[in-house]
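**Q** What follows is protein_8.txt, made up of compact mmCIF, C-alpha atoms and all ligand atoms:
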```txt
# COMPACT_ATOMS: atom_id res chain seq x y z
CA MET A 898 14.54 -39.75 -44.44
CA ALA A 899 13.41 -41.03 -41.09
CA ILE A 900 11.89 -39.72 -37.91
CA LEU A 901 14.34 -40.55 -35.12
CA LYS A 902 13.62 -41.41 -31.51
CA VAL A 903 14.24 -38.43 -29.23
CA THR A 904 16.32 -39.01 -26.08
CA ARG A 905 14.75 -37.94 -22.79
CA MET A 906 16.37 -36.38 -19.74
CA GLY A 907 18.20 -39.10 -17.84
CA HIS A 908 19.86 -40.54 -20.95
CA PRO A 909 23.65 -40.08 -20.48
CA VAL A 910 24.16 -38.84 -24.07
CA LEU A 911 22.33 -35.63 -23.10
CA ARG A 912 24.93 -35.02 -20.39
CA THR A 913 28.04 -35.83 -22.40
CA PRO A 914 29.85 -32.99 -24.24
CA ALA A 915 29.51 -33.67 -27.98
CA GLN A 916 32.55 -34.09 -30.24
CA GLU A 917 33.61 -31.70 -32.96
CA VAL A 918 32.89 -32.83 -36.51
CA SER A 919 35.76 -32.92 -39.04
CA LYS A 920 35.23 -31.62 -42.59
CA ARG A 921 35.69 -35.15 -43.91
CA GLU A 922 33.15 -36.60 -41.47
CA LEU A 923 30.65 -33.88 -42.34
CA THR A 924 30.70 -34.79 -46.04
CA LEU A 925 30.10 -38.50 -45.39
CA PRO A 926 26.70 -39.73 -46.64
CA GLN A 927 25.77 -40.98 -43.16
CA THR A 928 26.37 -37.54 -41.62
CA GLN A 929 24.29 -35.84 -44.34
CA GLN A 930 21.62 -38.47 -43.75
CA LEU A 931 21.71 -37.74 -40.01
CA ILE A 932 21.15 -34.03 -40.73
CA ASP A 933 18.19 -34.81 -43.02
CA ASP A 934 16.72 -37.10 -40.37
CA MET A 935 17.20 -34.45 -37.66
CA ILE A 936 15.31 -31.94 -39.82
CA GLN A 937 12.46 -34.36 -40.35
CA THR A 938 12.38 -35.28 -36.65
CA MET A 939 12.29 -31.64 -35.52
CA GLN A 940 9.53 -30.74 -37.98
CA ASP A 941 7.50 -33.80 -37.06
CA HIS A 942 7.60 -32.67 -33.40
CA ASP A 943 6.79 -29.03 -34.32
CA GLY A 944 10.08 -28.10 -32.68
CA ILE A 945 12.10 -24.96 -33.39
CA GLY A 946 15.44 -26.60 -32.62
CA LEU A 947 17.08 -29.99 -32.23
CA ALA A 948 20.59 -31.11 -31.32
CA ALA A 949 22.33 -34.36 -32.30
CA PRO A 950 22.57 -35.67 -28.69
CA GLN A 951 18.75 -35.55 -28.68
CA VAL A 952 18.80 -38.28 -31.31
CA HIS A 953 21.52 -40.35 -29.57
CA VAL A 954 24.46 -38.88 -31.52
CA GLY A 955 27.28 -37.17 -29.57
CA LYS A 956 28.37 -34.81 -32.37
CA GLN A 957 28.39 -31.01 -32.49
CA ILE A 958 25.47 -30.61 -34.87
CA CYS A 959 22.22 -28.79 -34.18
CA ILE A 960 19.45 -27.23 -36.23
CA VAL A 961 17.16 -24.24 -35.73
CA GLU A 962 14.10 -23.12 -37.69
CA ILE A 963 11.37 -20.60 -36.92
CA PRO A 964 8.58 -21.23 -39.42
CA GLU A 965 7.24 -18.29 -41.44
CA ASP A 966 3.69 -18.45 -40.04
CA ASN A 967 4.45 -19.13 -36.36
CA SER A 968 1.83 -18.21 -33.78
CA SER A 969 4.35 -16.48 -31.46
CA GLY A 970 5.00 -13.56 -33.80
CA LEU A 971 8.69 -14.43 -34.00
CA GLN A 972 10.86 -13.45 -36.94
CA HIS A 973 11.07 -16.18 -39.58
CA VAL A 974 14.44 -17.91 -39.31
CA PRO A 975 15.17 -20.20 -42.24
CA LEU A 976 16.23 -23.75 -41.49
CA THR A 977 19.83 -23.40 -40.29
CA VAL A 978 22.22 -26.30 -39.81
CA ILE A 979 24.85 -25.44 -37.19
CA VAL A 980 28.06 -27.49 -36.97
CA ASN A 981 30.88 -26.88 -34.43
CA PRO A 982 29.43 -23.59 -33.13
CA LYS A 983 31.47 -21.01 -31.21
CA VAL A 984 29.35 -18.47 -29.36
CA THR A 985 30.55 -15.05 -28.22
CA ASN A 986 28.49 -13.16 -25.65
CA ASP A 987 28.18 -9.60 -27.00
CA ALA A 988 26.67 -8.09 -23.86
CA PRO A 989 27.91 -10.03 -20.82
CA SER A 990 25.97 -7.91 -18.33
CA ASN A 991 22.70 -7.98 -20.28
CA HIS A 992 20.46 -10.95 -19.47
CA ILE A 993 16.91 -11.96 -20.29
CA LYS A 994 14.59 -14.41 -18.57
CA MET A 995 12.56 -16.51 -20.96
CA TRP A 996 10.31 -19.55 -20.85
CA GLU A 997 11.73 -22.68 -22.41
CA GLY A 998 10.69 -26.22 -23.07
CA CYS A 999 12.64 -29.09 -24.60
CA LEU A 1000 11.72 -32.15 -26.67
CA SER A 1001 13.93 -34.13 -24.27
CA ILE A 1002 11.99 -32.85 -21.23
CA PRO A 1003 8.45 -33.31 -22.48
CA GLY A 1004 5.59 -31.63 -20.64
CA LEU A 1005 7.69 -29.18 -18.62
CA ARG A 1006 8.62 -25.54 -18.98
CA GLY A 1007 10.73 -23.21 -16.94
CA GLN A 1008 12.01 -19.67 -16.89
CA VAL A 1009 15.64 -19.61 -17.94
CA VAL A 1010 18.34 -16.93 -17.75
CA ARG A 1011 20.00 -16.23 -21.11
CA THR A 1012 22.42 -13.72 -22.51
CA ALA A 1013 20.59 -11.10 -24.58
CA LYS A 1014 22.99 -10.68 -27.48
CA LEU A 1015 25.42 -13.03 -29.16
CA THR A 1016 27.56 -13.67 -32.21
CA MET A 1017 28.02 -17.27 -33.38
CA SER A 1018 30.53 -18.71 -35.83
CA PHE A 1019 29.73 -22.13 -37.22
CA TRP A 1020 29.90 -24.36 -40.29
CA ASP A 1021 26.90 -25.05 -42.46
CA ARG A 1022 26.17 -28.61 -43.61
CA LYS A 1023 28.75 -28.27 -46.38
CA GLY A 1024 31.49 -27.12 -44.01
CA LYS A 1025 31.32 -23.51 -45.14
CA GLU A 1026 32.14 -20.93 -42.43
CA ARG A 1027 29.12 -18.86 -41.43
CA GLN A 1028 28.39 -16.22 -38.82
CA LEU A 1029 25.20 -14.87 -37.32
CA LYS A 1030 24.14 -12.36 -34.72
CA ALA A 1031 21.10 -12.91 -32.54
CA THR A 1032 19.27 -10.99 -29.85
CA GLY A 1033 16.39 -11.52 -27.42
CA TYR A 1034 14.31 -14.68 -27.41
CA LEU A 1035 15.88 -15.89 -30.64
CA ALA A 1036 19.35 -15.61 -29.08
CA GLY A 1037 17.99 -17.79 -26.26
CA VAL A 1038 16.77 -20.43 -28.72
CA ILE A 1039 20.27 -20.65 -30.16
CA GLN A 1040 21.88 -20.85 -26.70
CA HIS A 1041 19.48 -23.67 -25.79
CA GLU A 1042 20.61 -25.73 -28.80
CA VAL A 1043 24.32 -24.97 -28.36
CA ASP A 1044 24.00 -25.90 -24.66
CA HIS A 1045 22.85 -29.38 -25.74
CA LEU A 1046 26.24 -29.83 -27.42
CA ALA A 1047 27.92 -29.18 -24.07
CA GLY A 1048 25.68 -31.57 -22.13
CA ILE A 1049 23.68 -28.72 -20.58
CA LEU A 1050 19.85 -28.79 -20.26
CA PHE A 1051 17.56 -25.82 -19.65
CA PRO A 1052 16.89 -26.52 -15.93
CA ASP A 1053 20.66 -25.99 -15.38
CA ARG A 1054 20.16 -22.40 -16.58
CA MET A 1055 17.25 -21.59 -14.27
CA ASP A 1056 18.20 -19.33 -11.37
CA SER A 1057 15.33 -20.80 -9.38
CA LEU A 1058 13.28 -23.95 -9.88
CA ALA A 1059 10.18 -22.12 -8.62
CA THR A 1060 8.89 -21.55 -12.16
CA LEU A 1061 9.35 -25.15 -13.32
CA SER A 1062 5.83 -25.97 -14.54
CA PHE A 1063 3.86 -28.59 -16.38
CA SER A 1064 2.63 -27.34 -19.79
CA GLU A 1065 -1.01 -27.36 -18.72
CA GLU A 1066 -0.37 -25.24 -15.63
CA TRP A 1067 1.97 -23.02 -17.62
CA SER A 1068 -0.80 -22.29 -20.14
CA ARG A 1069 -3.16 -21.51 -17.31
CA TYR A 1070 -1.02 -19.35 -15.06
CA TRP A 1071 2.11 -18.19 -16.85
CA GLN A 1072 1.55 -17.96 -20.57
CA ASP A 1073 0.81 -14.24 -20.67
CA VAL A 1074 3.56 -13.23 -18.26
CA ASP A 1075 6.36 -13.59 -20.78
CA GLY A 1076 7.23 -10.07 -21.92
CA VAL A 1077 10.66 -10.93 -23.26
CA ASP A 1078 11.96 -9.16 -26.36
CA LYS A 1079 11.39 -11.46 -29.35
CA GLY A 1080 14.70 -10.37 -30.80
CA SER A 1081 16.15 -11.03 -34.21
CA VAL A 1082 18.63 -13.16 -36.11
CA SER A 1083 20.84 -11.78 -38.88
CA PHE A 1084 23.30 -13.75 -40.97
CA LEU A 1085 26.60 -11.95 -41.62
ZN ZN B 1 16.27 -28.95 -25.86
```
Output the structure of this file as structure tokens.
Ligand code: ZN

**A**
Amino acid sequence: MAILKVTRMGHPVLRTPAQEVSKRELTLPQTQQLIDDMIQTMQDHDGIGLAAPQVHVGKQICIVEIPEDNSSGLQHVPLTVIVNPKVTNDAPSNHIKMWEGCLSIPGLRGQVVRTAKLTMSFWDRKGKERQLKATGYLAGVIQHEVDHLAGILFPDRMDSLATLSFSEEWSRYWQDVDGVDKGSVSFL
């Protein structure tokens, strides 16, 4: 396992739509190695999500994990490997505004508009079909990662750049303002 270098905003790979992964490609040792390295890289950065373009790989693979003893009071979401995701918006008129940061945009946070309820079909790391439903903040976390696979970064989803803040100022002025529903994730 290895900790990989994380791409930062400005690197073209973050703006290029990632390619679908074939079943054969997914089973290759180098792809499984990439997934293991992504997990180690995310955990080393205390991240809750990471997408392959963030480690210089233009493939539709991302991972999400909300640790059991997180300080935000979020539901524990076990480490989930997401390959070739397809997201359906279950409540098109229902939006939330939530604060987001990104390992590829270090030191900045902004308030982003997300859909409040979604269903996602995807493959796990073995190519098995899976489905989950997510709501609230946790649905936003998933949308953030899936956006990376389409070359979209969180500032693109802000309806105004007025809340774009450095982490230090965010902690000082904004931290307690976030009343967004924490939401839930359930695997079907
Ligand atoms: Zn990100």

**Q** List all protein, DNA and RNA residues that have an atom no more than 6 Å from any atom of ligand ZN 1 (chain B), counting all atoms listed in the file, and report them as a list of chain:residue names.

**A**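 Every residue with an atom at most 6 Å from ligand ZN 1 (chain B) is listed here: A:Cys999, A:Leu1000, A:Ser1001.
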
**Q** For the atom pair CA of Gly1037 (chain A) and CA of Asn981 (chain A), what is the interatomic distance in Å to one decimal place?

**A** 17.8 Å

**Q** Quick one: residues within 12 Å of region 938-943 of chain A, only C-alpha atoms counted, chain neighbours fewer than 3 positions away excluded, as a VMD selection string?

**A** chain A and resid 898 to 904 931 to 935 946 to 949 951 to 952 959 to 964 967 to 968 976 999 to 1001 1003

**Q** Measuring atom to atom with all atoms listed in the file, identify which of A:Ile1049, A:Val1010, A:Leu971, A:Ile979 is nearest to Arg1027 (chain A).

**A** A:Ile979

**Q** Up to 12 Å from (17.5, -22.6, -11.7) in the file's coordinates: name the residues, counting all atoms listed in the file, as a CSV table (one decimal) with C-alpha atoms, keeping the file's coordinate frame.

**A**
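So the final result, stored in selection.csv, reads:
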```csv
chain,number,residue,atom,x,y,z
A,994,LYS,CA,14.6,-14.4,-18.6
A,1006,ARG,CA,8.6,-25.5,-19.0
A,1007,GLY,CA,10.7,-23.2,-16.9
A,1008,GLN,CA,12.0,-19.7,-16.9
A,1009,VAL,CA,15.6,-19.6,-17.9
A,1010,VAL,CA,18.3,-16.9,-17.8
A,1011,ARG,CA,20.0,-16.2,-21.1
A,1050,LEU,CA,19.8,-28.8,-20.3
A,1051,PHE,CA,17.6,-25.8,-19.6
A,1052,PRO,CA,16.9,-26.5,-15.9
A,1053,ASP,CA,20.7,-26.0,-15.4
A,1054,ARG,CA,20.2,-22.4,-16.6
A,1055,MET,CA,17.2,-21.6,-14.3
A,1056,ASP,CA,18.2,-19.3,-11.4
A,1057,SER,CA,15.3,-20.8,-9.4
A,1058,LEU,CA,13.3,-24.0,-9.9
A,1059,ALA,CA,10.2,-22.1,-8.6
A,1060,THR,CA,8.9,-21.6,-12.2
A,1061,LEU,CA,9.4,-25.2,-13.3
```

**Q** What is the distance, in Å and to one decimal place, between CA of Thr1012 (chain A) and CA of Pro989 (chain A)?

**A**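 CA of Pro989 (chain A) lies at a distance of 6.8 Å from CA of Thr1012 (chain A).
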
**Q** In Å, how far is it from CA of Leu1085 (chain A) to CA of Ala1047 (chain A)?

**A**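 CA of Ala1047 (chain A) lies 24.6 Å from CA of Leu1085 (chain A).
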
**Q** Nearest to Tyr1034 (chain A): which of A:Met995, A:Ile1002, A:Ala988, A:Met1017 is it, counting all atoms listed in the file?

**A**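 Of all the options, A:Met995 lies closest to Tyr1034 (chain A).
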
**Q** Nearest residue to Phe1019 (chain A) out of A:Phe1084, A:Phe1063, A:Trp996, A:Trp1071, using all atoms listed in the file?

**A** A:Phe1084

**Q** Measuring between all atoms listed in the file, which one of A:Gly1048, A:Pro909, A:Gly998, A:Gly970 shows the shortest distance to Gln957 (chain A)?

**A**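 Closest to Gln957 (chain A) of all the choices is A:Gly1048.
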
**Q** Would you please work out which residue, of A:His973, A:Lys983, A:Lys1014, A:Arg905, is nearest to Glu917 (chain A) when using only C-alpha atoms?

**A** A:Lys983

**Q** Given all atoms listed in the file as the basis, pick out the residue of A:Gln1028, A:Thr977, A:Ser969, A:Thr924 nearest to Ile936 (chain A).

**A** A:Thr977
